$ cat target.pdb   # PDB, C-alpha atoms
ATOM      1  CA  MET G 969      26.074 -48.671  -9.111
ATOM      2  CA  ALA G 970      23.489 -47.167  -6.761
ATOM      3  CA  LYS G 971      24.506 -47.008  -3.099
ATOM      4  CA  LYS G 972      21.812 -48.858  -1.188
ATOM      5  CA  LEU G 973      22.044 -48.970   2.607
ATOM      6  CA  LEU G 974      20.228 -51.539   4.733
ATOM      7  CA  ILE G 975      19.927 -50.851   8.461
ATOM      8  CA  THR G 976      18.686 -53.815  10.475
ATOM      9  CA  GLY G 977      17.023 -52.979  13.760
ATOM     10  CA  GLY G 978      15.889 -49.582  12.502
ATOM     11  CA  THR G 979      13.429 -49.137  15.370
ATOM     12  CA  GLY G 980      16.059 -49.658  18.073
ATOM     13  CA  THR G 981      17.788 -46.755  19.779
ATOM     14  CA  LEU G 982      20.947 -46.987  17.672
ATOM     15  CA  GLY G 983      19.001 -47.912  14.545
ATOM     16  CA  SER G 984      16.724 -44.885  14.843
ATOM     17  CA  HIS G 985      19.732 -42.553  14.918
ATOM     18  CA  LEU G 986      21.318 -44.376  11.988
ATOM     19  CA  VAL G 987      18.156 -43.977   9.910
ATOM     20  CA  ARG G 988      17.824 -40.263  10.645
ATOM     21  CA  GLN G 989      21.483 -39.494   9.986
ATOM     22  CA  ALA G 990      21.647 -41.632   6.844
ATOM     23  CA  ILE G 991      18.708 -39.746   5.352
ATOM     24  CA  ALA G 992      20.073 -36.351   6.403
ATOM     25  CA  SER G 993      23.499 -37.063   4.929
ATOM     26  CA  GLY G 994      22.227 -37.398   1.372
ATOM     27  CA  ALA G 995      25.056 -39.877   0.769
ATOM     28  CA  TRP G 996      22.800 -42.811  -0.119
ATOM     29  CA  ASP G 997      20.677 -43.397  -3.202
ATOM     30  CA  GLU G 998      18.346 -45.562  -1.130
ATOM     31  CA  VAL G 999      17.980 -46.143   2.619
ATOM     32  CA  HIS G1000      16.232 -49.339   3.708
ATOM     33  CA  ALA G1001      15.527 -50.412   7.288
ATOM     34  CA  THR G1002      13.830 -53.262   9.108
ATOM     35  CA  ASN G1003      11.239 -52.791  11.822
ATOM     36  CA  TYR G1004       9.907 -55.367  14.240
ATOM     37  CA  SER G1005       6.812 -53.639  15.578
ATOM     38  CA  GLN G1006       5.120 -50.395  14.541
ATOM     39  CA  ARG G1007       6.490 -48.756  11.415
ATOM     40  CA  PRO G1008       8.284 -45.521  12.360
ATOM     41  CA  ASN G1009       7.319 -42.165  10.905
ATOM     42  CA  PHE G1010      10.539 -41.542   8.971
ATOM     43  CA  HIS G1011      10.238 -40.291   5.410
ATOM     44  CA  LYS G1012      12.488 -41.300   2.500
ATOM     45  CA  VAL G1013      13.042 -44.755   4.019
ATOM     46  CA  PHE G1014      11.901 -48.120   2.685
ATOM     47  CA  TRP G1015      10.657 -50.093   5.700
ATOM     48  CA  TYR G1016      10.473 -53.883   5.923
ATOM     49  CA  PRO G1017       8.691 -55.653   8.789
ATOM     50  CA  MET G1018      10.997 -58.452   9.869
ATOM     51  CA  ASP G1019      10.583 -61.156  12.458
ATOM     52  CA  ALA G1020      14.172 -62.196  13.084
ATOM     53  CA  ARG G1021      13.011 -65.696  13.985
ATOM     54  CA  GLN G1022      12.019 -66.243  10.335
ATOM     55  CA  PRO G1023      14.349 -66.599   7.303
ATOM     56  CA  VAL G1024      15.594 -63.207   6.172
ATOM     57  CA  GLY G1025      17.038 -64.212   2.804
ATOM     58  CA  ALA G1026      14.003 -63.092   0.783
ATOM     59  CA  ILE G1027      14.088 -59.602   2.299
ATOM     60  CA  ILE G1028      17.799 -59.186   1.652
ATOM     61  CA  GLU G1029      17.515 -60.362  -1.959
ATOM     62  CA  ARG G1030      14.622 -57.987  -2.557
ATOM     63  CA  ILE G1031      16.564 -54.995  -1.247
ATOM     64  CA  ALA G1032      19.937 -55.970  -2.765
ATOM     65  CA  PRO G1033      21.927 -53.601  -0.522
ATOM     66  CA  THR G1034      25.485 -52.544  -1.271
ATOM     67  CA  HIS G1035      26.090 -51.727   2.414
ATOM     68  CA  ILE G1036      24.600 -53.334   5.535
ATOM     69  CA  LEU G1037      24.632 -51.877   9.047
ATOM     70  CA  HIS G1038      23.538 -54.834  11.163
ATOM     71  CA  THR G1039      22.390 -53.574  14.568
ATOM     72  CA  LEU G1040      19.463 -55.951  15.106
ATOM     73  CA  ALA G1041      19.912 -58.037  18.253
ATOM     74  CA  LEU G1042      18.165 -59.590  21.191
ATOM     75  CA  ALA G1043      20.224 -57.439  23.508
ATOM     76  CA  SER G1044      18.918 -58.035  27.033
ATOM     77  CA  PRO G1045      21.265 -60.443  28.840
ATOM     78  CA  ASP G1046      18.455 -61.527  31.166
ATOM     79  CA  ILE G1047      16.035 -62.265  28.307
ATOM     80  CA  CYS G1048      18.747 -64.095  26.361
ATOM     81  CA  GLU G1049      19.516 -66.270  29.382
ATOM     82  CA  LYS G1050      15.874 -67.376  29.536
ATOM     83  CA  ASN G1051      15.307 -67.628  25.767
ATOM     84  CA  LYS G1052      18.484 -69.127  24.382
ATOM     85  CA  LEU G1053      16.989 -70.521  21.181
ATOM     86  CA  GLU G1054      15.483 -67.166  20.197
ATOM     87  CA  ALA G1055      18.703 -65.373  21.163
ATOM     88  CA  TRP G1056      20.680 -67.721  18.925
ATOM     89  CA  GLN G1057      18.286 -67.232  16.016
ATOM     90  CA  VAL G1058      18.412 -63.448  16.260
ATOM     91  CA  ASN G1059      22.045 -62.903  17.217
ATOM     92  CA  VAL G1060      23.724 -65.690  15.244
ATOM     93  CA  SER G1061      21.491 -67.092  12.490
ATOM     94  CA  VAL G1062      20.375 -63.712  11.115
ATOM     95  CA  THR G1063      23.966 -62.477  11.244
ATOM     96  CA  GLN G1064      25.152 -65.507   9.284
ATOM     97  CA  SER G1065      22.452 -64.961   6.629
ATOM     98  CA  LEU G1066      23.483 -61.337   6.189
ATOM     99  CA  ALA G1067      27.149 -62.331   5.987
ATOM    100  CA  GLU G1068      26.351 -64.943   3.330
ATOM    101  CA  TYR G1069      24.522 -62.364   1.219
ATOM    102  CA  ALA G1070      27.347 -59.851   1.667
ATOM    103  CA  ALA G1071      29.989 -62.407   0.689
ATOM    104  CA  GLN G1072      28.104 -63.528  -2.409
ATOM    105  CA  ASN G1073      27.256 -60.004  -3.571
ATOM    106  CA  LYS G1074      30.377 -58.104  -2.477
ATOM    107  CA  ALA G1075      28.368 -55.901  -0.112
ATOM    108  CA  ARG G1076      30.064 -54.180   2.816
ATOM    109  CA  LEU G1077      28.856 -55.472   6.194
ATOM    110  CA  ILE G1078      29.185 -53.600   9.484
ATOM    111  CA  TYR G1079      28.202 -55.906  12.358
ATOM    112  CA  THR G1080      27.703 -54.410  15.813
ATOM    113  CA  SER G1081      28.879 -56.666  18.624
ATOM    114  CA  THR G1082      29.326 -55.778  22.300
ATOM    115  CA  ASP G1083      31.887 -54.936  24.970
ATOM    116  CA  LEU G1084      30.264 -57.663  27.085
ATOM    117  CA  VAL G1085      32.261 -60.348  25.253
ATOM    118  CA  PHE G1086      34.949 -59.711  27.905
ATOM    119  CA  ASP G1087      34.953 -60.994  31.485
ATOM    120  CA  GLY G1088      35.573 -57.562  33.008
ATOM    121  CA  VAL G1089      38.618 -58.517  35.055
ATOM    122  CA  GLN G1090      41.154 -56.069  33.614
ATOM    123  CA  GLY G1091      39.266 -53.354  31.702
ATOM    124  CA  ASN G1092      40.647 -51.143  28.918
ATOM    125  CA  TYR G1093      40.307 -54.015  26.462
ATOM    126  CA  ALA G1094      42.043 -53.772  23.092
ATOM    127  CA  GLU G1095      41.045 -55.567  19.895
ATOM    128  CA  SER G1096      43.889 -58.042  20.501
ATOM    129  CA  ASP G1097      42.556 -59.147  23.906
ATOM    130  CA  THR G1098      40.874 -62.545  24.194
ATOM    131  CA  PRO G1099      37.098 -62.522  24.818
ATOM    132  CA  GLN G1100      35.709 -64.437  27.789
ATOM    133  CA  PRO G1101      31.888 -64.082  27.808
ATOM    134  CA  LEU G1102      30.076 -64.446  31.126
ATOM    135  CA  ASN G1103      26.496 -64.758  29.828
ATOM    136  CA  PHE G1104      24.583 -66.201  26.888
ATOM    137  CA  TYR G1105      23.942 -62.826  25.258
ATOM    138  CA  ALA G1106      27.686 -62.213  25.045
ATOM    139  CA  ASP G1107      28.215 -65.808  23.884
ATOM    140  CA  SER G1108      25.743 -65.345  21.050
ATOM    141  CA  LYS G1109      27.251 -62.027  19.939
ATOM    142  CA  LEU G1110      30.706 -63.595  19.906
ATOM    143  CA  GLU G1111      29.331 -66.469  17.813
ATOM    144  CA  GLY G1112      27.918 -63.828  15.477
ATOM    145  CA  GLU G1113      31.411 -62.376  15.145
ATOM    146  CA  GLN G1114      32.793 -65.801  14.292
ATOM    147  CA  ALA G1115      30.059 -66.388  11.708
ATOM    148  CA  VAL G1116      31.007 -63.149   9.943
ATOM    149  CA  ARG G1117      34.699 -64.087   9.914
ATOM    150  CA  GLU G1118      34.086 -67.609   8.641
ATOM    151  CA  VAL G1119      31.651 -66.622   5.894
ATOM    152  CA  MET G1120      33.374 -63.446   4.697
ATOM    153  CA  LYS G1121      36.865 -64.822   4.246
ATOM    154  CA  ASP G1122      37.691 -62.207   1.611
ATOM    155  CA  GLY G1123      37.050 -59.372   4.071
ATOM    156  CA  HIS G1124      34.812 -56.400   3.248
ATOM    157  CA  PHE G1125      33.392 -56.476   6.765
ATOM    158  CA  VAL G1126      33.887 -54.684  10.060
ATOM    159  CA  ILE G1127      32.993 -56.149  13.443
ATOM    160  CA  VAL G1128      32.383 -53.237  15.809
ATOM    161  CA  ARG G1129      32.379 -54.015  19.519
ATOM    162  CA  LEU G1130      30.241 -51.245  20.939
ATOM    163  CA  ALA G1131      30.327 -49.880  24.452
ATOM    164  CA  ASN G1132      27.105 -49.239  26.360
ATOM    165  CA  LEU G1133      25.016 -46.649  24.507
ATOM    166  CA  TYR G1134      22.842 -43.916  25.975
ATOM    167  CA  GLY G1135      20.302 -41.599  24.412
ATOM    168  CA  SER G1136      16.663 -41.387  23.425
ATOM    169  CA  ASN G1137      15.064 -43.697  20.905
ATOM    170  CA  LEU G1138      13.858 -41.431  18.095
ATOM    171  CA  ASN G1139      10.817 -43.669  17.624
ATOM    172  CA  GLY G1140       9.637 -42.797  21.127
ATOM    173  CA  LYS G1141      10.338 -46.179  22.710
ATOM    174  CA  GLU G1142      11.269 -46.277  26.370
ATOM    175  CA  ASN G1143      14.792 -47.344  27.291
ATOM    176  CA  PHE G1144      17.011 -47.205  30.362
ATOM    177  CA  PHE G1145      18.188 -43.696  29.498
ATOM    178  CA  THR G1146      14.673 -42.253  29.282
ATOM    179  CA  GLU G1147      13.756 -44.036  32.509
ATOM    180  CA  MET G1148      16.743 -42.384  34.202
ATOM    181  CA  THR G1149      15.909 -38.906  32.900
ATOM    182  CA  ARG G1150      12.291 -39.250  34.002
ATOM    183  CA  ALA G1151      13.329 -40.404  37.472
ATOM    184  CA  LEU G1152      15.684 -37.434  37.831
ATOM    185  CA  ARG G1153      13.004 -34.959  36.723
ATOM    186  CA  GLN G1154      10.524 -36.446  39.177
ATOM    187  CA  SER G1155      13.082 -36.609  42.015
ATOM    188  CA  SER G1156      12.565 -40.367  42.214
ATOM    189  CA  GLU G1157      15.276 -42.557  43.693
ATOM    190  CA  LEU G1158      17.742 -44.157  41.307
ATOM    191  CA  LYS G1159      19.820 -47.156  42.362
ATOM    192  CA  LEU G1160      22.944 -47.363  40.216
ATOM    193  CA  PHE G1161      25.937 -49.697  40.273
ATOM    194  CA  THR G1162      29.320 -48.421  41.394
ATOM    195  CA  ASP G1163      31.128 -51.559  40.201
ATOM    196  CA  GLN G1164      29.927 -51.824  36.590
ATOM    197  CA  ILE G1165      32.256 -49.761  34.396
ATOM    198  CA  ARG G1166      31.910 -49.126  30.656
ATOM    199  CA  SER G1167      33.128 -46.669  28.011
ATOM    200  CA  VAL G1168      29.670 -45.173  27.551
ATOM    201  CA  MET G1169      28.821 -43.493  24.244
ATOM    202  CA  SER G1170      25.809 -41.616  22.915
ATOM    203  CA  ALA G1171      23.737 -43.467  20.327
ATOM    204  CA  SER G1172      23.895 -40.436  18.050
ATOM    205  CA  ASN G1173      27.694 -40.329  18.232
ATOM    206  CA  ALA G1174      27.891 -44.083  17.593
ATOM    207  CA  ALA G1175      25.592 -43.739  14.576
ATOM    208  CA  ALA G1176      27.803 -41.033  13.085
ATOM    209  CA  CYS G1177      30.852 -43.267  13.535
ATOM    210  CA  LEU G1178      29.185 -46.300  11.956
ATOM    211  CA  LEU G1179      27.998 -44.325   8.938
ATOM    212  CA  GLU G1180      31.495 -42.932   8.461
ATOM    213  CA  LEU G1181      32.897 -46.448   8.808
ATOM    214  CA  ALA G1182      30.519 -47.711   6.119
ATOM    215  CA  GLY G1183      32.240 -45.425   3.639
ATOM    216  CA  LEU G1184      35.806 -46.342   4.593
ATOM    217  CA  SER G1185      37.995 -49.187   3.379
ATOM    218  CA  PHE G1186      38.923 -50.394   6.891
ATOM    219  CA  GLU G1187      38.258 -54.094   7.485
ATOM    220  CA  GLY G1188      38.415 -56.281  10.567
ATOM    221  CA  LEU G1189      37.711 -55.681  14.251
ATOM    222  CA  LEU G1190      37.171 -52.292  15.893
ATOM    223  CA  HIS G1191      36.397 -51.231  19.455
ATOM    224  CA  LEU G1192      34.096 -48.212  19.647
ATOM    225  CA  GLY G1193      33.123 -46.237  22.734
ATOM    226  CA  GLY G1194      33.613 -42.950  24.492
ATOM    227  CA  PRO G1195      36.997 -41.734  25.765
ATOM    228  CA  GLN G1196      35.926 -41.848  29.429
ATOM    229  CA  ALA G1197      35.074 -45.041  31.309
ATOM    230  CA  VAL G1198      32.525 -44.532  34.088
ATOM    231  CA  SER G1199      30.386 -46.585  36.433
ATOM    232  CA  ARG G1200      26.612 -46.420  36.162
ATOM    233  CA  TYR G1201      26.595 -44.357  39.363
ATOM    234  CA  GLU G1202      29.100 -41.868  37.937
ATOM    235  CA  PHE G1203      27.094 -41.649  34.726
ATOM    236  CA  GLY G1204      23.967 -40.886  36.738
ATOM    237  CA  GLN G1205      25.752 -38.019  38.474
ATOM    238  CA  ILE G1206      26.995 -36.629  35.139
ATOM    239  CA  LEU G1207      23.477 -36.879  33.716
ATOM    240  CA  ALA G1208      21.995 -35.066  36.711
ATOM    241  CA  ARG G1209      24.469 -32.202  36.254
ATOM    242  CA  ALA G1210      23.710 -32.027  32.535
ATOM    243  CA  MET G1211      19.997 -31.805  33.360
ATOM    244  CA  GLN G1212      20.746 -29.222  36.089
ATOM    245  CA  VAL G1213      19.087 -31.393  38.714
ATOM    246  CA  LYS G1214      20.214 -30.326  42.172
ATOM    247  CA  ASN G1215      20.583 -32.911  44.925
ATOM    248  CA  PRO G1216      19.578 -35.926  42.814
ATOM    249  CA  SER G1217      18.360 -38.978  44.693
ATOM    250  CA  ILE G1218      20.942 -41.445  43.396
ATOM    251  CA  LYS G1219      21.840 -44.356  45.648
ATOM    252  CA  LYS G1220      25.054 -46.357  45.330
ATOM    253  CA  ILE G1221      24.644 -50.106  45.020
ATOM    254  CA  THR G1222      26.849 -53.003  43.924
ATOM    255  CA  MET G1223      26.016 -55.851  41.574
ATOM    256  CA  ALA G1224      26.167 -58.225  44.545
ATOM    257  CA  GLN G1225      23.217 -56.353  46.070
ATOM    258  CA  MET G1226      21.082 -57.154  43.012
ATOM    259  CA  PRO G1227      21.418 -60.926  42.566
ATOM    260  CA  GLY G1228      19.607 -62.904  39.911
ATOM    261  CA  GLY G1229      19.534 -62.650  36.161
ATOM    262  CA  ALA G1230      22.459 -63.025  33.810
ATOM    263  CA  LYS G1231      25.959 -62.553  35.159
ATOM    264  CA  ARG G1232      27.509 -59.182  34.276
ATOM    265  CA  PRO G1233      31.221 -58.341  34.004
ATOM    266  CA  ALA G1234      32.597 -55.556  36.195
ATOM    267  CA  ASN G1235      34.896 -53.500  33.967
ATOM    268  CA  VAL G1236      34.534 -53.832  30.206
ATOM    269  CA  SER G1237      35.957 -50.423  29.330
ATOM    270  CA  LEU G1238      37.449 -50.378  25.847
ATOM    271  CA  LYS G1239      40.712 -49.139  24.408
ATOM    272  CA  ILE G1240      39.578 -46.975  21.482
ATOM    273  CA  THR G1241      42.921 -45.821  20.059
ATOM    274  CA  GLN G1242      42.362 -47.584  16.738
ATOM    275  CA  ALA G1243      38.923 -46.000  16.288
ATOM    276  CA  GLN G1244      40.329 -42.556  17.089
ATOM    277  CA  ASN G1245      43.036 -43.064  14.456
ATOM    278  CA  ILE G1246      40.651 -44.306  11.758
ATOM    279  CA  LEU G1247      37.646 -42.023  12.218
ATOM    280  CA  THR G1248      37.339 -38.277  11.739
ATOM    281  CA  THR G1249      34.160 -38.273  13.858
ATOM    282  CA  LYS G1250      35.029 -37.137  17.381
ATOM    283  CA  LEU G1251      34.329 -39.710  20.098
ATOM    284  CA  LEU G1252      32.492 -37.795  22.794
ATOM    285  CA  ALA G1253      32.966 -37.993  26.561
ATOM    286  CA  PRO G1254      29.722 -38.227  28.590
ATOM    287  CA  GLU G1255      29.584 -34.515  29.449
ATOM    288  CA  GLU G1256      29.645 -33.421  25.807
ATOM    289  CA  GLY G1257      27.522 -36.300  24.559
ATOM    290  CA  LEU G1258      24.835 -35.631  27.157
ATOM    291  CA  LYS G1259      24.887 -31.901  26.478
ATOM    292  CA  ARG G1260      24.173 -32.573  22.807
ATOM    293  CA  GLU G1261      21.559 -35.200  23.661
ATOM    294  CA  ILE G1262      19.669 -32.857  25.963
ATOM    295  CA  GLU G1263      19.889 -29.879  23.612
ATOM    296  CA  GLY G1264      18.880 -32.066  20.677
ATOM    297  CA  TYR G1265      21.275 -33.338  18.079
TER     298      TYR G1265
END
$ encode --input "target.pdb" --output "structure tokens"
Amino acid sequence: MAKKLLITGGTGTLGSHLVRQAIASGAWDEVHATNYSQRPNFHKVFWYPMDARQPVGAIIERIAPTHILHTLALASPDICEKNKLEAWQVNVSVTQSLAEYAAQNKARLIYTSTDLVFDGVQGNYAESDTPQPLNFYADSKLEGEQAVREVMKDGHFVIVRLANLYGSNLNGKENFFTEMTRALRQSSELKLFTDQIRSVMSASNAAACLLELAGLSFEGLLHLGGPQAVSRYEFGQILARAMQVKNPSIKKITMAQMPGGAKRPANVSLKITQAQNILTTKLLAPEEGLKREIEGY
């Protein structure tokens, strides 16, 4: 049987790295990906425009993938808080449709969830810890997890709770990371939280892990992030050093100083022991991940 990979959210930051690495690996007979806006300029990929608010069954049946890496999400907590119906459609309904296809056709499904399913009180969360979402985005991702579990009762799935990712979008889209690098180059002031802590991971490193995971037999829940938990302020300092920016204009702020929007947890660092035991791909600390990002993976 031909190995056919479907990557949802192929124009996102993580999705763009997945597409490039999947093609480069030569491990797949066919690589398919969905795009929401402009079709990216990647060769050897079958692209499918997909509005996640519409039924996705026809697209899935047409592709008939053997493996699905489901990264598509409405991922902004603030946008999700204001657009709950759309967030539910994208983060839950699409996930359920993919799980139903996978269950019926014995396809392997990798679903990317989020570290934000936790309330951030204790940090260093293991897979056995109980989620306590603080915002609707996290609620919807947790519901997506539950949909996968309920539909795919025979297994053949992995739910991957991802830490906060950094890195450039290979399709040229702006993201928080590129905004930070531009601000540092231009000596503009950056205001970064000291009390928001996550096990940050490069998108390229995460993509390598997910593609390895697609080829393994592991099933169930997995926490995936870098081995070093840092605040946004600490990450900004590490990034400035990696870029060799002297005396960066980075100001410390707390979440309380930036009220409004969706509520964010303080410390959602992840315990990644299980991932380190399962994967051969090295999980990179920020210094090494940023060095590779800046030099070009």
$ atom_distance --input "target.pdb" --atom1 "CA of Thr979 (chain G)" --atom2 "CA of Val1013 (chain G)"
12.2 Å
$ axis_aligned_box --input "target.pdb" --around "region 1254-1259 of chain G" --padding-each-side "8 Å" --output "lines of an AutoDock Vina configuration file"
center_x = 27.3
center_y = -35.1
center_z = 27.0
size_x = 20.9
size_y = 22.3
size_z = 20.9
$ closest_residue --input "target.pdb" --among "G:Ile1206, G:Ile975, G:Cys1177, G:Ile1027" --to "Lys1250 (chain G)" --atoms "all atoms listed in the file"
G:Cys1177
$ residues_around --input "target.pdb" --residues "region 983-991 of chain G" --least-positions-apart "2" --cutoff "10 Å" --atoms "only C-alpha atoms" --output "VMD selection string"
chain G and resid 973 to 981 993 to 1003 1008 1010 to 1013 1037 to 1040 1135 to 1140 1171 to 1179 1265
$ closest_residue --input "target.pdb" --among "G:Glu1118, G:Asp1019, G:Asp1097, G:Asp1083" --to "Asn1235 (chain G)" --atoms "all atoms listed in the file"
G:Asp1083
$ resolve_selection --input "target.pdb" --expression "the PyMOL selection byres ((chain G and resi 1247) around 12)" --output "ChimeraX atom specification"
/G:1173-1174,1176-1186,1190-1192,1240-1246,1248-1251
$ write_last_selection --input "target.pdb" --atoms "C-alpha atoms" --output "CSV table (one decimal), keeping the file's coordinate frame"
chain,number,residue,atom,x,y,z
G,1173,ASN,CA,27.7,-40.3,18.2
G,1174,ALA,CA,27.9,-44.1,17.6
G,1176,ALA,CA,27.8,-41.0,13.1
G,1177,CYS,CA,30.9,-43.3,13.5
G,1178,LEU,CA,29.2,-46.3,12.0
G,1179,LEU,CA,28.0,-44.3,8.9
G,1180,GLU,CA,31.5,-42.9,8.5
G,1181,LEU,CA,32.9,-46.4,8.8
G,1182,ALA,CA,30.5,-47.7,6.1
G,1183,GLY,CA,32.2,-45.4,3.6
G,1184,LEU,CA,35.8,-46.3,4.6
G,1185,SER,CA,38.0,-49.2,3.4
G,1186,PHE,CA,38.9,-50.4,6.9
G,1190,LEU,CA,37.2,-52.3,15.9
G,1191,HIS,CA,36.4,-51.2,19.5
G,1192,LEU,CA,34.1,-48.2,19.6
G,1240,ILE,CA,39.6,-47.0,21.5
G,1241,THR,CA,42.9,-45.8,20.1
G,1242,GLN,CA,42.4,-47.6,16.7
G,1243,ALA,CA,38.9,-46.0,16.3
G,1244,GLN,CA,40.3,-42.6,17.1
G,1245,ASN,CA,43.0,-43.1,14.5
G,1246,ILE,CA,40.7,-44.3,11.8
G,1248,THR,CA,37.3,-38.3,11.7
G,1249,THR,CA,34.2,-38.3,13.9
G,1250,LYS,CA,35.0,-37.1,17.4
G,1251,LEU,CA,34.3,-39.7,20.1
$ resolve_selection --input "target.pdb" --expression "the PyMOL selection byres ((chain G and resi 1089) around 7)" --output "ChimeraX atom specification"
/G:1087-1088,1090-1091,1234-1235
$ write_last_selection --input "target.pdb" --atoms "C-alpha atoms" --output "mmCIF file, keeping the file's coordinate frame"
data_model
loop_
_atom_site.group_PDB
_atom_site.id
_atom_site.type_symbol
_atom_site.label_atom_id
_atom_site.label_comp_id
_atom_site.auth_asym_id
_atom_site.auth_seq_id
_atom_site.Cartn_x
_atom_site.Cartn_y
_atom_site.Cartn_z
ATOM 1 C CA ASP G 1087 34.953 -60.994 31.485
ATOM 2 C CA GLY G 1088 35.573 -57.562 33.008
ATOM 3 C CA GLN G 1090 41.154 -56.069 33.614
ATOM 4 C CA GLY G 1091 39.266 -53.354 31.702
ATOM 5 C CA ALA G 1234 32.597 -55.556 36.195
ATOM 6 C CA ASN G 1235 34.896 -53.500 33.967
#
$ build_atoms --input "target.pdb" --residues "region 1130-1145 of chain G" --atoms "N, CA and C atoms" --output "CSV table (one decimal), in the coordinates of the input"
chain,number,residue,atom,x,y,z
G,1130,LEU,N,30.7,-52.5,20.4
G,1130,LEU,CA,30.2,-51.2,20.9
G,1130,LEU,C,30.2,-51.2,22.5
G,1131,ALA,N,30.5,-50.1,23.0
G,1131,ALA,CA,30.3,-49.9,24.5
G,1131,ALA,C,28.8,-49.7,24.7
G,1132,ASN,N,28.5,-49.5,26.0
G,1132,ASN,CA,27.1,-49.2,26.4
G,1132,ASN,C,26.7,-47.9,25.8
G,1133,LEU,N,25.5,-47.9,25.1
G,1133,LEU,CA,25.0,-46.6,24.5
G,1133,LEU,C,23.9,-46.0,25.4
G,1134,TYR,N,23.9,-44.7,25.3
G,1134,TYR,CA,22.8,-43.9,26.0
G,1134,TYR,C,22.2,-43.0,25.0
G,1135,GLY,N,21.0,-42.5,25.3
G,1135,GLY,CA,20.3,-41.6,24.4
G,1135,GLY,C,18.9,-42.0,24.2
G,1136,SER,N,18.1,-41.1,23.7
G,1136,SER,CA,16.7,-41.4,23.4
G,1136,SER,C,16.5,-42.2,22.1
G,1137,ASN,N,15.5,-43.0,22.1
G,1137,ASN,CA,15.1,-43.7,20.9
G,1137,ASN,C,14.2,-42.7,20.1
G,1138,LEU,N,14.6,-42.4,18.9
G,1138,LEU,CA,13.9,-41.4,18.1
G,1138,LEU,C,12.5,-41.9,17.7
G,1139,ASN,N,12.2,-43.2,17.9
G,1139,ASN,CA,10.8,-43.7,17.6
G,1139,ASN,C,9.9,-43.6,18.8
G,1140,GLY,N,10.4,-43.0,19.9
G,1140,GLY,CA,9.6,-42.8,21.1
G,1140,GLY,C,9.6,-44.0,22.1
G,1141,LYS,N,10.3,-45.0,21.8
G,1141,LYS,CA,10.3,-46.2,22.7
G,1141,LYS,C,11.1,-45.9,24.0
G,1142,GLU,N,10.6,-46.4,25.1
G,1142,GLU,CA,11.3,-46.3,26.4
G,1142,GLU,C,12.6,-47.1,26.4
G,1143,ASN,N,13.6,-46.6,27.0
G,1143,ASN,CA,14.8,-47.3,27.3
G,1143,ASN,C,15.4,-46.9,28.6
G,1144,PHE,N,16.5,-47.5,29.0
G,1144,PHE,CA,17.0,-47.2,30.4
G,1144,PHE,C,17.4,-45.7,30.5
G,1145,PHE,N,17.8,-45.1,29.4
G,1145,PHE,CA,18.2,-43.7,29.5
G,1145,PHE,C,17.0,-42.8,29.8
